[in-house]
$ cat final_0.cif   # mmCIF, C-alpha atoms, pLDDT in the B column; chains and numbers go by the auth columns
data_entry
loop_
_atom_site.group_PDB
_atom_site.id
_atom_site.type_symbol
_atom_site.label_atom_id
_atom_site.label_comp_id
_atom_site.label_asym_id
_atom_site.label_seq_id
_atom_site.Cartn_x
_atom_site.Cartn_y
_atom_site.Cartn_z
_atom_site.B_iso_or_equiv
_atom_site.auth_seq_id
_atom_site.auth_asym_id
ATOM 1 C CA MET A 1 -8.844 58.123 -76.005 48.00 1 A
ATOM 2 C CA ASN A 2 -9.391 61.882 -75.779 53.00 2 A
ATOM 3 C CA LYS A 3 -8.410 64.055 -78.678 54.00 3 A
ATOM 4 C CA PRO A 4 -5.512 66.320 -77.746 54.00 4 A
ATOM 5 C CA SER A 5 -6.826 69.781 -76.981 51.00 5 A
ATOM 6 C CA PRO A 6 -5.573 72.488 -79.367 57.00 6 A
ATOM 7 C CA ARG A 7 -4.944 75.010 -76.609 62.00 7 A
ATOM 8 C CA LEU A 8 -1.669 74.964 -74.717 63.00 8 A
ATOM 9 C CA THR A 9 -1.689 72.858 -71.596 72.00 9 A
ATOM 10 C CA PRO A 10 0.969 73.691 -68.963 72.00 10 A
ATOM 11 C CA ARG A 11 2.848 70.624 -70.138 72.00 11 A
ATOM 12 C CA SER A 12 2.949 71.629 -73.805 77.00 12 A
ATOM 13 C CA SER A 13 3.792 75.248 -73.014 81.00 13 A
ATOM 14 C CA ALA A 14 6.766 73.985 -70.962 81.00 14 A
ATOM 15 C CA ALA A 15 7.798 71.921 -73.985 85.00 15 A
ATOM 16 C CA LEU A 16 7.478 74.959 -76.230 89.00 16 A
ATOM 17 C CA LYS A 17 9.629 76.976 -73.857 90.00 17 A
ATOM 18 C CA THR A 18 12.301 74.262 -73.736 92.00 18 A
ATOM 19 C CA TYR A 19 12.435 74.010 -77.530 93.00 19 A
ATOM 20 C CA SER A 20 12.553 77.780 -78.044 94.00 20 A
ATOM 21 C CA VAL A 21 15.441 78.112 -75.573 95.00 21 A
ATOM 22 C CA LEU A 22 17.119 75.194 -77.373 95.00 22 A
ATOM 23 C CA VAL A 23 16.736 76.872 -80.788 96.00 23 A
ATOM 24 C CA PHE A 24 17.987 80.169 -79.349 96.00 24 A
ATOM 25 C CA PHE A 25 21.061 78.375 -77.952 96.00 25 A
ATOM 26 C CA LEU A 26 21.807 76.665 -81.286 95.00 26 A
ATOM 27 C CA ALA A 27 21.455 79.996 -83.136 96.00 27 A
ATOM 28 C CA LEU A 28 23.801 81.803 -80.741 96.00 28 A
ATOM 29 C CA LYS A 29 26.325 78.995 -80.958 93.00 29 A
ATOM 30 C CA ALA A 30 26.191 78.995 -84.776 92.00 30 A
ATOM 31 C CA VAL A 31 26.569 82.777 -85.035 93.00 31 A
ATOM 32 C CA GLY A 32 29.324 82.747 -82.392 92.00 32 A
ATOM 33 C CA ASN A 33 31.375 79.959 -83.931 87.00 33 A
ATOM 34 C CA SER A 34 31.074 81.240 -87.519 88.00 34 A
ATOM 35 C CA SER A 35 31.908 84.810 -86.580 90.00 35 A
ATOM 36 C CA MET A 36 34.851 83.627 -84.477 87.00 36 A
ATOM 37 C CA ALA A 37 36.162 81.344 -87.239 83.00 37 A
ATOM 38 C CA TRP A 38 35.818 84.119 -89.849 86.00 38 A
ATOM 39 C CA GLY A 39 37.565 86.644 -87.612 88.00 39 A
ATOM 40 C CA MET A 40 40.371 84.285 -86.590 83.00 40 A
ATOM 41 C CA ARG A 41 41.284 83.833 -90.253 83.00 41 A
ATOM 42 C CA GLN A 42 42.088 87.519 -90.368 84.00 42 A
ATOM 43 C CA VAL A 43 44.215 87.367 -87.222 81.00 43 A
ATOM 44 C CA THR A 44 47.787 86.699 -88.286 80.00 44 A
ATOM 45 C CA GLU A 45 49.335 86.330 -84.838 74.00 45 A
ATOM 46 C CA ARG A 46 49.825 82.717 -83.759 73.00 46 A
ATOM 47 C CA MET A 47 47.933 81.617 -80.634 68.00 47 A
ATOM 48 C CA SER A 48 50.016 80.590 -77.635 69.00 48 A
ATOM 49 C CA MET A 49 49.709 80.144 -73.881 69.00 49 A
ATOM 50 C CA ASN A 50 50.106 83.911 -73.517 77.00 50 A
ATOM 51 C CA PRO A 51 46.668 85.367 -72.667 77.00 51 A
ATOM 52 C CA ALA A 52 47.586 88.734 -74.217 84.00 52 A
ATOM 53 C CA VAL A 53 47.460 87.114 -77.651 81.00 53 A
ATOM 54 C CA TYR A 54 43.796 86.173 -77.106 79.00 54 A
ATOM 55 C CA VAL A 55 42.954 89.671 -75.904 84.00 55 A
ATOM 56 C CA ARG A 56 44.596 91.152 -79.027 85.00 56 A
ATOM 57 C CA ALA A 57 42.660 88.713 -81.235 85.00 57 A
ATOM 58 C CA MET A 58 39.433 90.089 -79.717 86.00 58 A
ATOM 59 C CA LEU A 59 40.229 93.499 -81.203 89.00 59 A
ATOM 60 C CA ASN A 60 39.004 91.991 -84.462 91.00 60 A
ATOM 61 C CA PRO A 61 35.261 92.858 -84.572 94.00 61 A
ATOM 62 C CA PHE A 62 34.240 89.407 -85.879 93.00 62 A
ATOM 63 C CA VAL A 63 36.121 87.713 -83.052 91.00 63 A
ATOM 64 C CA ALA A 64 34.547 90.139 -80.556 94.00 64 A
ATOM 65 C CA VAL A 65 31.010 89.444 -81.823 96.00 65 A
ATOM 66 C CA GLY A 66 31.813 85.721 -81.754 93.00 66 A
ATOM 67 C CA VAL A 67 32.990 85.832 -78.142 91.00 67 A
ATOM 68 C CA LEU A 68 29.912 87.837 -77.099 95.00 68 A
ATOM 69 C CA ALA A 69 27.551 85.388 -78.826 95.00 69 A
ATOM 70 C CA LEU A 70 29.340 82.417 -77.240 92.00 70 A
ATOM 71 C CA ILE A 71 29.057 83.971 -73.756 93.00 71 A
ATOM 72 C CA LEU A 72 25.295 84.426 -74.326 95.00 72 A
ATOM 73 C CA ALA A 73 25.175 80.831 -75.591 95.00 73 A
ATOM 74 C CA LEU A 74 26.807 79.651 -72.344 94.00 74 A
ATOM 75 C CA LEU A 75 24.185 81.509 -70.277 95.00 75 A
ATOM 76 C CA THR A 76 21.379 80.153 -72.464 97.00 76 A
ATOM 77 C CA ARG A 77 22.679 76.620 -71.974 96.00 77 A
ATOM 78 C CA ILE A 78 22.633 77.160 -68.190 96.00 78 A
ATOM 79 C CA ALA A 79 19.007 78.310 -68.470 96.00 79 A
ATOM 80 C CA LEU A 80 18.315 75.166 -70.504 96.00 80 A
ATOM 81 C CA PHE A 81 19.643 73.044 -67.631 95.00 81 A
ATOM 82 C CA SER A 82 16.805 74.451 -65.503 95.00 82 A
ATOM 83 C CA LEU A 83 14.260 73.150 -68.015 95.00 83 A
ATOM 84 C CA ALA A 84 15.528 69.728 -69.089 95.00 84 A
ATOM 85 C CA ASP A 85 17.705 66.754 -68.120 95.00 85 A
ATOM 86 C CA LEU A 86 21.441 66.692 -68.821 94.00 86 A
ATOM 87 C CA SER A 87 20.942 63.377 -70.654 92.00 87 A
ATOM 88 C CA PHE A 88 18.334 65.141 -72.829 94.00 88 A
ATOM 89 C CA ILE A 89 20.327 68.325 -73.508 94.00 89 A
ATOM 90 C CA LEU A 90 23.576 66.614 -74.555 92.00 90 A
ATOM 91 C CA PRO A 91 22.207 64.689 -77.567 92.00 91 A
ATOM 92 C CA VAL A 92 19.783 67.386 -78.758 92.00 92 A
ATOM 93 C CA THR A 93 22.406 70.149 -78.639 92.00 93 A
ATOM 94 C CA ALA A 94 24.695 67.930 -80.750 89.00 94 A
ATOM 95 C CA VAL A 95 22.584 69.239 -83.659 91.00 95 A
ATOM 96 C CA GLY A 96 25.007 72.171 -83.348 89.00 96 A
ATOM 97 C CA TYR A 97 27.662 69.972 -85.041 84.00 97 A
ATOM 98 C CA VAL A 98 25.336 69.560 -88.026 87.00 98 A
ATOM 99 C CA ILE A 99 24.747 73.322 -88.247 89.00 99 A
ATOM 100 C CA ALA A 100 28.508 73.889 -88.007 84.00 100 A
ATOM 101 C CA VAL A 101 29.121 71.485 -90.907 83.00 101 A
ATOM 102 C CA PHE A 102 26.498 73.338 -93.002 85.00 102 A
ATOM 103 C CA LEU A 103 27.778 76.805 -92.192 85.00 103 A
ATOM 104 C CA GLY A 104 31.369 75.716 -92.724 81.00 104 A
ATOM 105 C CA LYS A 105 30.450 74.552 -96.209 84.00 105 A
ATOM 106 C CA MET A 106 28.281 77.552 -97.100 84.00 106 A
ATOM 107 C CA PHE A 107 30.279 80.468 -95.752 80.00 107 A
ATOM 108 C CA LEU A 108 33.799 79.282 -95.037 76.00 108 A
ATOM 109 C CA GLU A 109 34.044 77.103 -98.150 78.00 109 A
ATOM 110 C CA GLU A 110 35.167 74.043 -96.208 78.00 110 A
ATOM 111 C CA THR A 111 34.948 70.700 -97.949 82.00 111 A
ATOM 112 C CA VAL A 112 32.491 68.243 -96.436 84.00 112 A
ATOM 113 C CA THR A 113 33.186 64.570 -97.031 88.00 113 A
ATOM 114 C CA ARG A 114 30.494 61.925 -97.445 91.00 114 A
ATOM 115 C CA GLN A 115 31.483 60.497 -94.072 90.00 115 A
ATOM 116 C CA ARG A 116 30.802 63.861 -92.457 88.00 116 A
ATOM 117 C CA TRP A 117 27.347 64.134 -94.060 90.00 117 A
ATOM 118 C CA LEU A 118 26.554 60.626 -92.792 92.00 118 A
ATOM 119 C CA GLY A 119 27.661 61.674 -89.307 91.00 119 A
ATOM 120 C CA ALA A 120 25.428 64.756 -89.524 89.00 120 A
ATOM 121 C CA LEU A 121 22.491 62.566 -90.547 90.00 121 A
ATOM 122 C CA LEU A 122 23.069 60.222 -87.581 93.00 122 A
ATOM 123 C CA ILE A 123 23.228 63.178 -85.175 92.00 123 A
ATOM 124 C CA PHE A 124 19.897 64.426 -86.506 89.00 124 A
ATOM 125 C CA ALA A 125 18.261 61.007 -86.221 92.00 125 A
ATOM 126 C CA GLY A 126 19.608 60.404 -82.712 92.00 126 A
ATOM 127 C CA ALA A 127 18.649 63.899 -81.542 92.00 127 A
ATOM 128 C CA ALA A 128 15.114 63.428 -82.901 91.00 128 A
ATOM 129 C CA LEU A 129 14.863 60.141 -81.013 91.00 129 A
ATOM 130 C CA VAL A 130 16.029 61.732 -77.747 92.00 130 A
ATOM 131 C CA GLY A 131 13.860 64.790 -78.435 88.00 131 A
ATOM 132 C CA SER A 132 10.780 62.589 -78.345 89.00 132 A
ATOM 133 C CA THR A 133 11.481 61.428 -74.763 90.00 133 A
ATOM 134 C CA THR A 134 10.335 63.168 -71.568 88.00 134 A
ATOM 135 C CA ARG A 135 12.518 66.257 -71.251 90.00 135 A
ATOM 136 C CA ASN A 136 12.677 66.463 -67.526 91.00 136 A
ATOM 137 C CA THR A 137 12.555 63.318 -65.389 91.00 137 A
ATOM 138 C CA THR A 138 13.744 64.868 -62.127 88.00 138 A
ATOM 139 C CA SER A 139 11.332 67.767 -61.603 77.00 139 A
ATOM 140 C CA PRO A 140 8.478 67.227 -59.100 65.00 140 A
ATOM 141 C CA SER A 141 5.902 67.462 -61.920 58.00 141 A
ATOM 142 C CA SER A 142 7.528 64.624 -63.878 54.00 142 A
ATOM 143 C CA GLY A 143 6.148 61.996 -61.530 47.00 143 A
ATOM 144 C CA ARG A 144 9.344 61.206 -59.689 45.00 144 A
ATOM 145 C CA GLY A 145 8.351 63.482 -56.833 39.00 145 A
ATOM 146 C CA ARG A 146 4.771 62.212 -56.746 35.00 146 A
ATOM 147 C CA LYS A 147 3.759 59.864 -53.972 32.00 147 A
ATOM 148 C CA MET B 1 51.125 65.121 -73.320 80.00 1 B
ATOM 149 C CA LYS B 2 48.324 64.525 -75.804 85.00 2 B
ATOM 150 C CA TRP B 3 46.494 62.144 -73.491 91.00 3 B
ATOM 151 C CA ILE B 4 47.016 64.363 -70.458 92.00 4 B
ATOM 152 C CA LEU B 5 45.236 67.149 -72.351 91.00 5 B
ATOM 153 C CA VAL B 6 42.452 64.764 -73.387 92.00 6 B
ATOM 154 C CA ALA B 7 41.992 63.556 -69.786 94.00 7 B
ATOM 155 C CA ALA B 8 41.973 67.124 -68.427 94.00 8 B
ATOM 156 C CA MET B 9 39.453 68.185 -71.071 94.00 9 B
ATOM 157 C CA VAL B 10 37.090 65.246 -70.488 94.00 10 B
ATOM 158 C CA ILE B 11 37.208 65.553 -66.683 96.00 11 B
ATOM 159 C CA ALA B 12 36.609 69.318 -66.837 97.00 12 B
ATOM 160 C CA THR B 13 33.686 68.909 -69.270 96.00 13 B
ATOM 161 C CA VAL B 14 32.012 66.170 -67.249 96.00 14 B
ATOM 162 C CA LEU B 15 32.456 67.965 -63.926 97.00 15 B
ATOM 163 C CA GLY B 16 31.304 71.281 -65.379 97.00 16 B
ATOM 164 C CA ASP B 17 28.115 69.914 -66.914 96.00 17 B
ATOM 165 C CA LEU B 18 27.226 67.781 -63.886 97.00 18 B
ATOM 166 C CA LEU B 19 27.636 70.743 -61.538 97.00 19 B
ATOM 167 C CA GLN B 20 25.610 73.058 -63.784 97.00 20 B
ATOM 168 C CA SER B 21 22.809 70.556 -64.295 96.00 21 B
ATOM 169 C CA HIS B 22 22.749 69.656 -60.572 96.00 22 B
ATOM 170 C CA GLN B 23 22.534 73.308 -59.568 96.00 23 B
ATOM 171 C CA MET B 24 20.009 74.386 -62.177 96.00 24 B
ATOM 172 C CA LYS B 25 17.617 71.553 -61.341 94.00 25 B
ATOM 173 C CA ARG B 26 17.293 73.303 -57.975 93.00 26 B
ATOM 174 C CA ALA B 27 17.226 76.905 -59.149 92.00 27 B
ATOM 175 C CA GLY B 28 13.749 76.913 -60.688 89.00 28 B
ATOM 176 C CA GLU B 29 12.843 77.532 -64.313 91.00 29 B
ATOM 177 C CA GLN B 30 14.857 80.231 -66.038 93.00 30 B
ATOM 178 C CA SER B 31 14.137 82.151 -69.234 91.00 31 B
ATOM 179 C CA VAL B 32 16.298 83.926 -71.798 90.00 32 B
ATOM 180 C CA SER B 33 14.501 87.249 -72.162 89.00 33 B
ATOM 181 C CA ALA B 34 16.420 90.416 -71.187 88.00 34 B
ATOM 182 C CA GLY B 35 15.005 90.157 -67.668 92.00 35 B
ATOM 183 C CA GLY B 36 15.588 86.411 -67.703 92.00 36 B
ATOM 184 C CA PHE B 37 19.320 86.850 -68.281 93.00 37 B
ATOM 185 C CA LYS B 38 19.479 89.362 -65.445 94.00 38 B
ATOM 186 C CA ARG B 39 17.763 86.927 -63.106 94.00 39 B
ATOM 187 C CA LEU B 40 20.016 84.119 -64.321 95.00 40 B
ATOM 188 C CA LEU B 41 23.127 86.170 -63.507 95.00 41 B
ATOM 189 C CA GLN B 42 21.748 86.670 -59.981 95.00 42 B
ATOM 190 C CA VAL B 43 21.193 82.918 -59.660 95.00 43 B
ATOM 191 C CA ILE B 44 24.781 82.299 -60.809 95.00 44 B
ATOM 192 C CA ALA B 45 26.172 84.853 -58.351 95.00 45 B
ATOM 193 C CA GLN B 46 24.446 83.055 -55.477 95.00 46 B
ATOM 194 C CA ARG B 47 25.567 79.531 -56.293 96.00 47 B
ATOM 195 C CA ARG B 48 29.231 78.732 -55.780 96.00 48 B
ATOM 196 C CA LEU B 49 29.026 75.248 -57.252 96.00 49 B
ATOM 197 C CA LEU B 50 27.475 76.728 -60.385 96.00 50 B
ATOM 198 C CA ILE B 51 30.378 79.167 -60.704 97.00 51 B
ATOM 199 C CA LEU B 52 32.748 76.222 -60.250 97.00 52 B
ATOM 200 C CA GLY B 53 30.870 74.446 -63.053 97.00 53 B
ATOM 201 C CA ILE B 54 31.347 77.432 -65.371 96.00 54 B
ATOM 202 C CA ALA B 55 35.044 77.568 -64.419 97.00 55 B
ATOM 203 C CA CYS B 56 35.301 73.889 -65.424 97.00 56 B
ATOM 204 C CA ASN B 57 33.752 74.863 -68.786 92.00 57 B
ATOM 205 C CA SER B 58 36.494 77.379 -69.404 91.00 58 B
ATOM 206 C CA VAL B 59 39.194 74.856 -68.443 93.00 59 B
ATOM 207 C CA SER B 60 37.689 72.420 -70.947 93.00 60 B
ATOM 208 C CA PHE B 61 37.513 75.178 -73.598 87.00 61 B
ATOM 209 C CA PHE B 62 41.184 76.119 -73.239 86.00 62 B
ATOM 210 C CA THR B 63 42.415 72.510 -73.086 90.00 63 B
ATOM 211 C CA PHE B 64 40.448 71.881 -76.286 87.00 64 B
ATOM 212 C CA MET B 65 42.133 74.903 -77.901 82.00 65 B
ATOM 213 C CA ALA B 66 45.539 73.612 -76.783 84.00 66 B
ATOM 214 C CA LEU B 67 44.712 70.152 -78.122 86.00 67 B
ATOM 215 C CA VAL B 68 43.723 71.360 -81.593 80.00 68 B
ATOM 216 C CA GLN B 69 46.943 73.340 -81.849 78.00 69 B
ATOM 217 C CA THR B 70 48.957 70.144 -81.969 82.00 70 B
ATOM 218 C CA GLU B 71 46.413 67.481 -82.936 84.00 71 B
ATOM 219 C CA PRO B 72 44.059 67.409 -85.946 81.00 72 B
ATOM 220 C CA LEU B 73 40.404 68.295 -85.393 76.00 73 B
ATOM 221 C CA SER B 74 39.555 64.797 -86.609 78.00 74 B
ATOM 222 C CA PHE B 75 41.223 63.494 -83.447 84.00 75 B
ATOM 223 C CA ALA B 76 40.116 66.225 -81.032 84.00 76 B
ATOM 224 C CA VAL B 77 36.378 66.195 -81.789 82.00 77 B
ATOM 225 C CA PRO B 78 35.731 62.429 -81.592 83.00 78 B
ATOM 226 C CA VAL B 79 37.939 62.002 -78.530 86.00 79 B
ATOM 227 C CA SER B 80 36.096 64.828 -76.758 84.00 80 B
ATOM 228 C CA SER B 81 32.848 62.916 -77.198 85.00 81 B
ATOM 229 C CA ALA B 82 34.112 60.499 -74.520 86.00 82 B
ATOM 230 C CA SER B 83 32.648 63.044 -72.101 89.00 83 B
ATOM 231 C CA PHE B 84 29.261 62.463 -73.721 87.00 84 B
ATOM 232 C CA VAL B 85 29.223 58.797 -72.662 88.00 85 B
ATOM 233 C CA LEU B 86 30.545 59.495 -69.177 91.00 86 B
ATOM 234 C CA GLU B 87 28.050 62.303 -68.617 93.00 87 B
ATOM 235 C CA THR B 88 25.053 60.246 -69.701 93.00 88 B
ATOM 236 C CA VAL B 89 26.032 57.439 -67.311 92.00 89 B
ATOM 237 C CA LEU B 90 26.609 59.890 -64.464 95.00 90 B
ATOM 238 C CA ALA B 91 23.322 61.697 -65.240 95.00 91 B
ATOM 239 C CA LYS B 92 21.625 58.412 -64.370 94.00 92 B
ATOM 240 C CA PHE B 93 23.565 57.566 -61.236 95.00 93 B
ATOM 241 C CA VAL B 94 24.433 60.990 -59.818 96.00 94 B
ATOM 242 C CA LEU B 95 21.582 63.202 -61.039 95.00 95 B
ATOM 243 C CA HIS B 96 19.038 60.315 -60.941 95.00 96 B
ATOM 244 C CA GLU B 97 17.670 61.060 -64.399 95.00 97 B
ATOM 245 C CA ARG B 98 15.572 58.314 -65.936 93.00 98 B
ATOM 246 C CA ILE B 99 17.218 57.144 -69.110 92.00 99 B
ATOM 247 C CA GLY B 100 14.870 54.855 -70.975 92.00 100 B
ATOM 248 C CA ALA B 101 15.677 52.669 -73.963 93.00 101 B
ATOM 249 C CA ARG B 102 14.708 55.369 -76.477 93.00 102 B
ATOM 250 C CA ARG B 103 16.919 58.045 -74.941 93.00 103 B
ATOM 251 C CA ALA B 104 19.852 55.632 -74.572 93.00 104 B
ATOM 252 C CA ALA B 105 19.487 54.504 -78.192 94.00 105 B
ATOM 253 C CA GLY B 106 19.259 58.109 -79.412 92.00 106 B
ATOM 254 C CA ALA B 107 22.351 59.096 -77.429 92.00 107 B
ATOM 255 C CA LEU B 108 24.311 56.200 -78.966 93.00 108 B
ATOM 256 C CA VAL B 109 23.228 57.180 -82.502 94.00 109 B
ATOM 257 C CA VAL B 110 24.281 60.781 -81.831 92.00 110 B
ATOM 258 C CA LEU B 111 27.616 59.555 -80.474 92.00 111 B
ATOM 259 C CA ALA B 112 28.261 57.565 -83.652 92.00 112 B
ATOM 260 C CA GLY B 113 27.389 60.692 -85.650 91.00 113 B
ATOM 261 C CA VAL B 114 29.776 62.884 -83.683 88.00 114 B
ATOM 262 C CA VAL B 115 32.612 60.413 -84.215 88.00 115 B
ATOM 263 C CA LEU B 116 31.893 60.357 -87.971 88.00 116 B
ATOM 264 C CA VAL B 117 31.674 64.162 -88.226 84.00 117 B
ATOM 265 C CA GLY B 118 34.997 64.525 -86.442 78.00 118 B
ATOM 266 C CA GLY B 119 36.757 61.619 -88.103 71.00 119 B
#
$ encode --input "final_0.cif" --output "structure tokens"
Amino acid sequence: MNKPSPRLTPRSSAALKTYSVLVFFLALKAVGNSSMAWGMRQVTERMSMNPAVYVRAMLNPFVAVGVLALILALLTRIALFSLADLSFILPVTAVGYVIAVFLGKMFLEETVTRQRWLGALLIFAGAALVGSTTRNTTSPSSGRGRK
Amino acid sequence: MKWILVAAMVIATVLGDLLQSHQMKRAGEQSVSAGGFKRLLQVIAQRRLLILGIACNSVSFFTFMALVQTEPLSFAVPVSSASFVLETVLAKFVLHERIGARRAAGALVVLAGVVLVGG
């Protein structure tokens, strides 16, 4: 009936916040994983159950940057849990797989099969579908808490 | 041994995410600015179940690492998406999230995609 107002309502600003935190998480995860993968290729020592091996691997600057980015990604994901449902976050963050496939092809020269591209396409489609649902169905403002 | 690792990984992932989501639904909205991270760390320090959730994350991370040392990634990635199904079901029954037809359909499409990417 009414035309949507161009200014940000509290609802749309909450959506904007959720999506910016989501994009920030995906970026951190992409940087972290790529840096870690690049660095680990330079580490010759084989990984084992011995924790000292992992500590020594972190002496490689790419591995160190990767670990730092992944720790920030973990914290960002926790912040995301305060903004949206678990059943919303899981599918939309799966877009990270698609980014990983892209980055793997572009920078690490990994081969990407047709099956993998199809999988990436499905993840995108599914995430878009989930992304169009109500982000948070358990907060008081979502209606569940309303009398 | 392979399936023990898979089971440990899936249980740790599911438990970790459920605990984190459960706790953060009660912690109020957080942000990721410099101050936001500081506040988030304070929230984490005050919530034991949240710390347990993060510990579960690290268990799942290291079991995944152990799994890919002996098994191909094309086995490890799709099999780890079992947690995805379990978590979505538990999000409905434990966290009382409303999962409508569109979200359920989207989650299934994503799941198929993850299996294809890994396989």
$ closest_residue --input "final_0.cif" --among "A:Ala15, A:Met106, A:Leu70, A:Leu90" --to "chain B" --atoms "all atoms listed in the file"
A:Leu90
$ interface_residues --input "final_0.cif" --of "chain A" --to "chain B" --cutoff "6 Å" --atoms "all atoms listed in the file" --output "PyMOL selection string"
chain A and resi 79+81-83+87+91+116+119-120+122-123+126+129-130+137-138
$ residues_around --input "final_0.cif" --residues "region 55-66 of chain A" --least-positions-apart "2" --cutoff "10 Å" --atoms "only C-alpha atoms" --output "number ranges by chain"
A: 28-47, 50-53, 68-72
$ atom_distance --input "final_0.cif" --atom1 "CA of Ala100 (chain A)" --atom2 "CA of Ala34 (chain B)"
26.5 Å
$ residues_around --input "final_0.cif" --residues "region 9-14 of chain B" --least-positions-apart "6" --cutoff "7 Å" --atoms "only C-alpha atoms" --output "JSON, numbers by chain"
{"B": [56, 57, 59, 60, 63, 64, 80, 82, 83, 87]}
$ residues_around --input "final_0.cif" --residues "Lys2 (chain B)" --least-positions-apart "2" --cutoff "10 Å" --atoms "only C-alpha atoms" --output "ChimeraX atom specification"
/B:4-7,66-67,70-71,76
$ atom_distance --input "final_0.cif" --atom1 "CA of Arg11 (chain A)" --atom2 "CA of Ala73 (chain A)"
25.1 Å
$ atom_distance --input "final_0.cif" --atom1 "CA of Thr93 (chain A)" --atom2 "CA of Arg48 (chain B)"
25.4 Å
$ closest_residue --input "final_0.cif" --among "A:Ile78, A:Val112, A:Ala84, A:Val67" --to "Tyr19 (chain A)" --atoms "only C-alpha atoms"
A:Ala84
